[in-house]
Amino acid sequence: MSGEAVGAAPERLAWLITGDNPSLVAEAVSNLVSQLVEGVDRSLVLEDYSGEDLDLGVVVDACATPPFLADRRVVVLRDAGSHTADQLQPLSAYLEDPLPTTRLVVASGGGNLPAKFVNAFKQAPGATVLNTDVSNREAHGWFSQRLAHAPVKLAPAAAALVEEHLGEDLDRLTALLATLEAAYGHGARIDEEHLRPYLGEPGSVPPWDLTEAIDNGETETALRVLHRLLAAGDRHPLVVLAILHRHFGNVLRLQSPAITSEAEAARALGVPKGRSTFPARKALDAARRLGPRGTGDAIMALADAELALKGKVDLPPGLVLEVLVARLCRLSRTRVSRTGTPAISGNQRRR
C-alpha cells in the first residue's frame, strides 16, 4: 500500500481532449503539452504520434517506458477517433495501471471516439477528460476569458464587435489576436477603428438567431443572419428552409387555445424532462403573436419557397430565401403592431 493519504485524489497521469472543432482541440493539446514539458528539453521527454495506420502498440510501449535523462515522459496520441475500440484496447489496458513517470495526452479527431474507450478513460485512475466544445450559453464567457489574457487589449466596443463578428467561428480568435499583436505590438490597446481592417469575413451564427430575428420582425437583421448561415455557415438553402419549417411547424402545433403556459407548450412539443423549456416559450410567444391566420400565411410562404427551391421558379436559391425571410418578418411585424405583443429582448437571446 502506498503512503498516499486515504481519499486523496490520484495524481493526474492522462488526459483525453475531445471536441468537434479540430482547431480548439489542437490548441488545447498544445497548451497542455507546453505545461507538461515546461522546464525540460522537449527532445528528451516528448513522444508525439498520429496517423490512421499507426500501430498503437508503439504508443503503449512509449507510455510503459521509463524516462531517460529526465524525470518524466510525455506521450501524445492525436486523431484517436481514427482507431477502433479494439485497436485502442491496449491503451485502455495500460490506463488501468499507468506508469507514474508518464504523462499521456490523447486527442480526439479523425472520426468518432469509441464510447467504450471514452468510458474506460473516465474510469482510469489519474485520468481526466477535457471537452473543448463551447455552447452558445458559454460563448460570451469563453470570449471574455480569452480576451482577458490576450496579447493585446481590446476596448469594450471592440471586444463586443469581435464576439458578434466571429459568431460560432471561435477558432479564428487566436489567429486574429496574433495578427493584431504583430500589427500593433504586444500590449497595445485597440479600438473598433483599428480592429475592423483585420476582422475578415463574418463567422457563422446559430440558426436560432435567424428565427429570433424573424419573430421580432427585424428584416435587416434576419437577412444579415441568413447570409451568414449560407456563406460562413456553409448551409445548403434546403437546410435553412428546414430550420424555418421546424420553427413554424412548432408555432403551428401551439395554436391550440388549450395551450396557455410554457410547461404546456413544452409538453406539446415533446421537450424531454430536464431540458430547457425556453425554446417552447419562444414558440408559444410567436404563436400568440401570429395567431391562426398569420401562422397559416407563414406556412404558405414556406411552401411557396420550397417549390421555388425545387425548380418551380427560375430564381437563385439565395434570392428565394431572401424573399421568404422578408415575407416572414413582415408577417411578424404586422402581428406585433396589431397585438402590441413585445418582441423578445436582446438580453434573453443567449439564455
# chains A, B, ... in the order shown; residues from 1 in each chain; ligands from 1
>>> select_by_dssp(residues="region 126-327 of chain A", states="strand (DSSP E)", output="PyMOL selection string")
chain A and resi 127-131+153-154+189-190
>>> write_last_selection(atoms="N, CA and C atoms", output="compact mmCIF listing (two decimals), in the first residue's frame")
# COMPACT_ATOMS: atom_id res chain seq x y z
N ALA A 127 -6.87 9.82 -14.56
CA ALA A 127 -7.21 10.27 -15.91
C ALA A 127 -8.33 11.29 -15.85
N THR A 128 -8.33 12.23 -16.80
CA THR A 128 -9.38 13.25 -16.84
C THR A 128 -9.75 13.53 -18.29
N VAL A 129 -11.00 13.90 -18.52
CA VAL A 129 -11.50 14.21 -19.86
C VAL A 129 -11.76 15.70 -19.94
N LEU A 130 -11.19 16.34 -20.97
CA LEU A 130 -11.37 17.78 -21.18
C LEU A 130 -12.14 17.97 -22.48
N ASN A 131 -13.32 18.58 -22.40
CA ASN A 131 -14.14 18.83 -23.59
C ASN A 131 -13.95 20.28 -24.01
N LYS A 153 -4.97 44.43 -25.87
CA LYS A 153 -6.14 44.78 -25.08
C LYS A 153 -7.17 45.44 -25.99
N LEU A 154 -8.35 44.85 -26.04
CA LEU A 154 -9.43 45.39 -26.87
C LEU A 154 -10.34 46.28 -26.03
N ARG A 189 -3.52 48.76 -26.96
CA ARG A 189 -4.97 48.89 -26.78
C ARG A 189 -5.59 49.22 -28.12
N ILE A 190 -6.59 48.44 -28.51
CA ILE A 190 -7.14 48.52 -29.85
C ILE A 190 -8.62 48.86 -29.78
>>> closest_residue(among="A:Gly110, A:Gly126, A:Pro197, A:Pro272", to="Asn21 (chain A)", atoms="only C-alpha atoms")
A:Gly110
>>> residues_around(residues="Val33 (chain A)", least_positions_apart="2", cutoff="12 Å", atoms="only C-alpha atoms", output="MDAnalysis selection string")
chainID A and resid 14:15 17 26:31 35:40 42 45:48 73:77 103:107
>>> write_last_selection(atoms="N, CA and C atoms", output="mmCIF file, in the first residue's frame")
data_model
loop_
_atom_site.group_PDB
_atom_site.id
_atom_site.type_symbol
_atom_site.label_atom_id
_atom_site.label_comp_id
_atom_site.auth_asym_id
_atom_site.auth_seq_id
_atom_site.Cartn_x
_atom_site.Cartn_y
_atom_site.Cartn_z
ATOM 1 N N ALA A 14 -3.075 11.155 -17.129
ATOM 2 C CA ALA A 14 -3.577 11.019 -18.506
ATOM 3 C C ALA A 14 -4.715 11.998 -18.742
ATOM 4 N N TRP A 15 -4.774 12.519 -19.967
ATOM 5 C CA TRP A 15 -5.802 13.473 -20.362
ATOM 6 C C TRP A 15 -6.391 13.041 -21.701
ATOM 7 N N ILE A 17 -8.633 14.750 -24.602
ATOM 8 C CA ILE A 17 -9.134 16.044 -25.044
ATOM 9 C C ILE A 17 -10.087 15.822 -26.209
ATOM 10 N N ALA A 26 -6.698 21.040 -31.061
ATOM 11 C CA ALA A 26 -5.254 21.165 -31.268
ATOM 12 C C ALA A 26 -4.653 22.226 -30.350
ATOM 13 N N GLU A 27 -5.375 23.321 -30.172
ATOM 14 C CA GLU A 27 -4.894 24.391 -29.288
ATOM 15 C C GLU A 27 -4.806 23.896 -27.844
ATOM 16 N N ALA A 28 -5.832 23.148 -27.417
ATOM 17 C CA ALA A 28 -5.828 22.623 -26.048
ATOM 18 C C ALA A 28 -4.681 21.642 -25.845
ATOM 19 N N VAL A 29 -4.418 20.804 -26.845
ATOM 20 C CA VAL A 29 -3.295 19.866 -26.757
ATOM 21 C C VAL A 29 -1.975 20.626 -26.661
ATOM 22 N N SER A 30 -1.812 21.623 -27.500
ATOM 23 C CA SER A 30 -0.577 22.409 -27.494
ATOM 24 C C SER A 30 -0.335 23.078 -26.147
ATOM 25 N N ASN A 31 -1.390 23.673 -25.580
ATOM 26 C CA ASN A 31 -1.250 24.346 -24.286
ATOM 27 C C ASN A 31 -0.921 23.357 -23.170
ATOM 28 N N GLN A 35 2.639 22.905 -20.840
ATOM 29 C CA GLN A 35 2.686 22.848 -19.382
ATOM 30 C C GLN A 35 3.423 21.608 -18.894
ATOM 31 N N LEU A 36 3.175 20.477 -19.564
ATOM 32 C CA LEU A 36 3.746 19.214 -19.099
ATOM 33 C C LEU A 36 5.251 19.119 -19.335
ATOM 34 N N VAL A 37 5.756 19.778 -20.374
ATOM 35 C CA VAL A 37 7.189 19.691 -20.684
ATOM 36 C C VAL A 37 7.955 20.903 -20.173
ATOM 37 N N GLU A 38 7.260 21.794 -19.498
ATOM 38 C CA GLU A 38 7.911 23.030 -19.038
ATOM 39 C C GLU A 38 9.127 22.718 -18.163
ATOM 40 N N GLY A 39 10.233 23.391 -18.488
ATOM 41 C CA GLY A 39 11.443 23.254 -17.684
ATOM 42 C C GLY A 39 12.387 22.165 -18.126
ATOM 43 N N VAL A 40 12.013 21.392 -19.131
ATOM 44 C CA VAL A 40 12.902 20.332 -19.616
ATOM 45 C C VAL A 40 13.007 20.396 -21.137
ATOM 46 N N ARG A 42 12.367 19.383 -24.705
ATOM 47 C CA ARG A 42 11.293 18.623 -25.368
ATOM 48 C C ARG A 42 11.814 17.359 -26.050
ATOM 49 N N VAL A 45 11.825 14.396 -23.637
ATOM 50 C CA VAL A 45 10.644 13.898 -22.930
ATOM 51 C C VAL A 45 9.405 13.707 -23.799
ATOM 52 N N LEU A 46 9.361 14.312 -24.982
ATOM 53 C CA LEU A 46 8.120 14.306 -25.761
ATOM 54 C C LEU A 46 8.126 13.262 -26.867
ATOM 55 N N GLU A 47 7.065 12.444 -26.889
ATOM 56 C CA GLU A 47 6.817 11.477 -27.968
ATOM 57 C C GLU A 47 5.448 11.817 -28.548
ATOM 58 N N ASP A 48 5.386 12.173 -29.833
ATOM 59 C CA ASP A 48 4.151 12.647 -30.457
ATOM 60 C C ASP A 48 3.767 11.718 -31.604
ATOM 61 N N ARG A 73 8.109 11.446 -18.937
ATOM 62 C CA ARG A 73 7.936 11.221 -20.373
ATOM 63 C C ARG A 73 6.521 11.671 -20.737
ATOM 64 N N VAL A 74 6.386 12.492 -21.784
ATOM 65 C CA VAL A 74 5.089 12.974 -22.241
ATOM 66 C C VAL A 74 4.783 12.312 -23.581
ATOM 67 N N VAL A 75 3.698 11.557 -23.616
ATOM 68 C CA VAL A 75 3.300 10.826 -24.823
ATOM 69 C C VAL A 75 1.985 11.405 -25.339
ATOM 70 N N VAL A 76 1.964 11.789 -26.610
ATOM 71 C CA VAL A 76 0.780 12.388 -27.219
ATOM 72 C C VAL A 76 0.276 11.492 -28.344
ATOM 73 N N LEU A 77 -1.008 11.180 -28.305
ATOM 74 C CA LEU A 77 -1.660 10.453 -29.398
ATOM 75 C C LEU A 77 -2.732 11.353 -29.983
ATOM 76 N N ARG A 103 3.185 10.949 -18.717
ATOM 77 C CA ARG A 103 2.009 11.797 -18.862
ATOM 78 C C ARG A 103 1.461 11.567 -20.263
ATOM 79 N N LEU A 104 0.262 11.000 -20.348
ATOM 80 C CA LEU A 104 -0.352 10.636 -21.624
ATOM 81 C C LEU A 104 -1.413 11.653 -22.006
ATOM 82 N N VAL A 105 -1.344 12.146 -23.238
ATOM 83 C CA VAL A 105 -2.332 13.083 -23.766
ATOM 84 C C VAL A 105 -2.943 12.464 -25.023
ATOM 85 N N VAL A 106 -4.243 12.204 -24.998
ATOM 86 C CA VAL A 106 -4.945 11.622 -26.142
ATOM 87 C C VAL A 106 -5.918 12.666 -26.681
ATOM 88 N N ALA A 107 -5.848 12.933 -27.971
ATOM 89 C CA ALA A 107 -6.708 13.948 -28.602
ATOM 90 C C ALA A 107 -7.681 13.282 -29.558
#
>>> residues_around(residues="Leu199 (chain A)", least_positions_apart="6", cutoff="9 Å", atoms="only C-alpha atoms", output="PyMOL selection string")
chain A and resi 162+165-166+176
>>> residues_around(residues="His83 (chain A)", least_positions_apart="2", cutoff="9 Å", atoms="only C-alpha atoms", output="tab-separated table (two decimals) with N, CA and C atoms, in the first residue's frame")
chain	number	residue	atom	x	y	z
A	52	GLU	N	-3.66	7.33	-39.14
A	52	GLU	CA	-4.65	6.26	-39.14
A	52	GLU	C	-4.00	4.89	-39.14
A	53	ASP	N	-2.82	4.78	-39.76
A	53	ASP	CA	-2.15	3.48	-39.86
A	53	ASP	C	-1.18	3.23	-38.71
A	54	LEU	N	-1.21	4.08	-37.70
A	54	LEU	CA	-0.29	3.96	-36.58
A	54	LEU	C	-0.56	2.69	-35.78
A	56	LEU	N	-0.78	1.16	-32.48
A	56	LEU	CA	-0.92	1.71	-31.14
A	56	LEU	C	-0.07	0.97	-30.11
A	79	ASP	N	-5.62	12.33	-33.14
A	79	ASP	CA	-6.60	11.68	-34.03
A	79	ASP	C	-6.99	10.29	-33.55
A	80	ALA	N	-7.27	10.17	-32.27
A	80	ALA	CA	-7.63	8.87	-31.71
A	80	ALA	C	-8.91	8.33	-32.31
A	81	GLY	N	-9.76	9.22	-32.83
A	81	GLY	CA	-11.01	8.78	-33.42
A	81	GLY	C	-10.86	7.98	-34.70
A	85	ALA	N	-12.36	0.63	-31.34
A	85	ALA	CA	-12.29	0.28	-29.92
A	85	ALA	C	-11.31	-0.87	-29.69
A	86	ASP	N	-11.29	-1.83	-30.60
A	86	ASP	CA	-10.35	-2.95	-30.46
A	86	ASP	C	-8.91	-2.48	-30.58
A	87	GLN	N	-8.65	-1.57	-31.52
A	87	GLN	CA	-7.30	-1.06	-31.68
A	87	GLN	C	-6.85	-0.26	-30.45
A	88	LEU	N	-7.80	0.42	-29.80
A	88	LEU	CA	-7.49	1.24	-28.64
A	88	LEU	C	-7.45	0.43	-27.34
A	110	GLY	N	-10.21	12.65	-36.40
A	110	GLY	CA	-10.10	11.52	-37.32
A	110	GLY	C	-11.34	10.66	-37.37
A	111	GLY	N	-12.39	11.04	-36.66
A	111	GLY	CA	-13.61	10.24	-36.60
A	111	GLY	C	-14.20	10.32	-35.20
A	112	ASN	N	-15.17	9.47	-34.92
A	112	ASN	CA	-15.80	9.46	-33.60
A	112	ASN	C	-15.04	8.54	-32.66
A	113	LEU	N	-14.74	9.05	-31.48
A	113	LEU	CA	-14.07	8.23	-30.48
A	113	LEU	C	-15.01	7.11	-30.03
A	114	PRO	N	-14.54	5.88	-29.97
A	114	PRO	CA	-15.39	4.79	-29.48
A	114	PRO	C	-15.84	5.05	-28.04
>>> residues_around(residues="Pro125 (chain A)", least_positions_apart="6", cutoff="10 Å", atoms="only C-alpha atoms", output="ChimeraX atom specification")
/A:9-14,95-98
>>> write_last_selection(atoms="N, CA and C atoms", output="mmCIF file, in the first residue's frame")
data_model
loop_
_atom_site.group_PDB
_atom_site.id
_atom_site.type_symbol
_atom_site.label_atom_id
_atom_site.label_comp_id
_atom_site.auth_asym_id
_atom_site.auth_seq_id
_atom_site.Cartn_x
_atom_site.Cartn_y
_atom_site.Cartn_z
ATOM 1 N N ALA A 9 -6.982 12.564 -3.930
ATOM 2 C CA ALA A 9 -7.174 12.437 -5.377
ATOM 3 C C ALA A 9 -5.893 11.949 -6.024
ATOM 4 N N PRO A 10 -5.970 10.980 -6.943
ATOM 5 C CA PRO A 10 -4.763 10.484 -7.592
ATOM 6 C C PRO A 10 -4.130 11.553 -8.472
ATOM 7 N N GLU A 11 -2.805 11.466 -8.611
ATOM 8 C CA GLU A 11 -2.099 12.417 -9.466
ATOM 9 C C GLU A 11 -2.551 12.249 -10.906
ATOM 10 N N ARG A 12 -2.682 13.361 -11.604
ATOM 11 C CA ARG A 12 -3.117 13.295 -12.990
ATOM 12 C C ARG A 12 -1.999 12.736 -13.863
ATOM 13 N N LEU A 13 -2.332 11.655 -14.554
ATOM 14 C CA LEU A 13 -1.351 10.988 -15.403
ATOM 15 C C LEU A 13 -1.799 10.912 -16.855
ATOM 16 N N ALA A 14 -3.075 11.155 -17.129
ATOM 17 C CA ALA A 14 -3.577 11.019 -18.506
ATOM 18 C C ALA A 14 -4.715 11.998 -18.742
ATOM 19 N N LEU A 95 -4.056 2.100 -19.147
ATOM 20 C CA LEU A 95 -4.609 3.100 -18.230
ATOM 21 C C LEU A 95 -5.038 2.495 -16.897
ATOM 22 N N GLU A 96 -5.252 1.187 -16.858
ATOM 23 C CA GLU A 96 -5.617 0.541 -15.597
ATOM 24 C C GLU A 96 -4.463 0.551 -14.604
ATOM 25 N N ASP A 97 -3.242 0.602 -15.112
ATOM 26 C CA ASP A 97 -2.059 0.641 -14.237
ATOM 27 C C ASP A 97 -0.972 1.483 -14.909
ATOM 28 N N PRO A 98 -1.173 2.800 -15.001
ATOM 29 C CA PRO A 98 -0.243 3.660 -15.732
ATOM 30 C C PRO A 98 1.092 3.842 -15.007
#
>>> atom_distance(atom1="CA of Ile214 (chain A)", atom2="CA of Ala326 (chain A)")
8.3 Å
>>> atom_distance(atom1="CA of Leu180 (chain A)", atom2="CA of Gly19 (chain A)")
26.8 Å
>>> closest_residue(among="A:Ala263, A:Ala158, A:Leu290, A:Ala213", to="Thr277 (chain A)", atoms="only C-alpha atoms")
A:Ala263
>>> closest_atom_pairs(of="region 134-246 of chain A", to="region 307-316 of chain A", cutoff="12 Å", atoms="only C-alpha atoms", output="CSV")
residue,atom,partner,partner_atom,distance
A:His236,CA,A:Leu309,CA,10.8
A:Pro237,CA,A:Leu309,CA,7.9
A:Leu238,CA,A:Leu309,CA,7.5
A:Val239,CA,A:Leu309,CA,11.2
A:Val240,CA,A:Leu309,CA,11.3
A:Leu241,CA,A:Leu309,CA,9.3
A:Ala242,CA,A:Leu309,CA,11.9
>>> write_last_selection(atoms="N, CA and C atoms", output="PDB file, in the first residue's frame")
ATOM      1  N   HIS A 236     -26.718  24.529 -46.833  1.00  0.00           N
ATOM      2  CA  HIS A 236     -27.455  24.446 -48.080  1.00  0.00           C
ATOM      3  C   HIS A 236     -28.793  25.172 -47.911  1.00  0.00           C
ATOM      4  N   PRO A 237     -29.291  25.826 -48.972  1.00  0.00           N
ATOM      5  CA  PRO A 237     -30.583  26.526 -48.868  1.00  0.00           C
ATOM      6  C   PRO A 237     -31.708  25.654 -48.344  1.00  0.00           C
ATOM      7  N   LEU A 238     -31.742  24.382 -48.725  1.00  0.00           N
ATOM      8  CA  LEU A 238     -32.796  23.499 -48.226  1.00  0.00           C
ATOM      9  C   LEU A 238     -32.637  23.214 -46.736  1.00  0.00           C
ATOM     10  N   VAL A 239     -31.396  23.262 -46.230  1.00  0.00           N
ATOM     11  CA  VAL A 239     -31.174  23.095 -44.792  1.00  0.00           C
ATOM     12  C   VAL A 239     -31.734  24.299 -44.042  1.00  0.00           C
ATOM     13  N   VAL A 240     -31.486  25.499 -44.575  1.00  0.00           N
ATOM     14  CA  VAL A 240     -32.043  26.705 -43.958  1.00  0.00           C
ATOM     15  C   VAL A 240     -33.568  26.658 -43.987  1.00  0.00           C
ATOM     16  N   LEU A 241     -34.117  26.207 -45.119  1.00  0.00           N
ATOM     17  CA  LEU A 241     -35.577  26.087 -45.209  1.00  0.00           C
ATOM     18  C   LEU A 241     -36.101  25.100 -44.173  1.00  0.00           C
ATOM     19  N   ALA A 242     -35.371  24.020 -43.946  1.00  0.00           N
ATOM     20  CA  ALA A 242     -35.789  23.031 -42.949  1.00  0.00           C
ATOM     21  C   ALA A 242     -35.796  23.639 -41.545  1.00  0.00           C
TER      22      ALA A 242
END
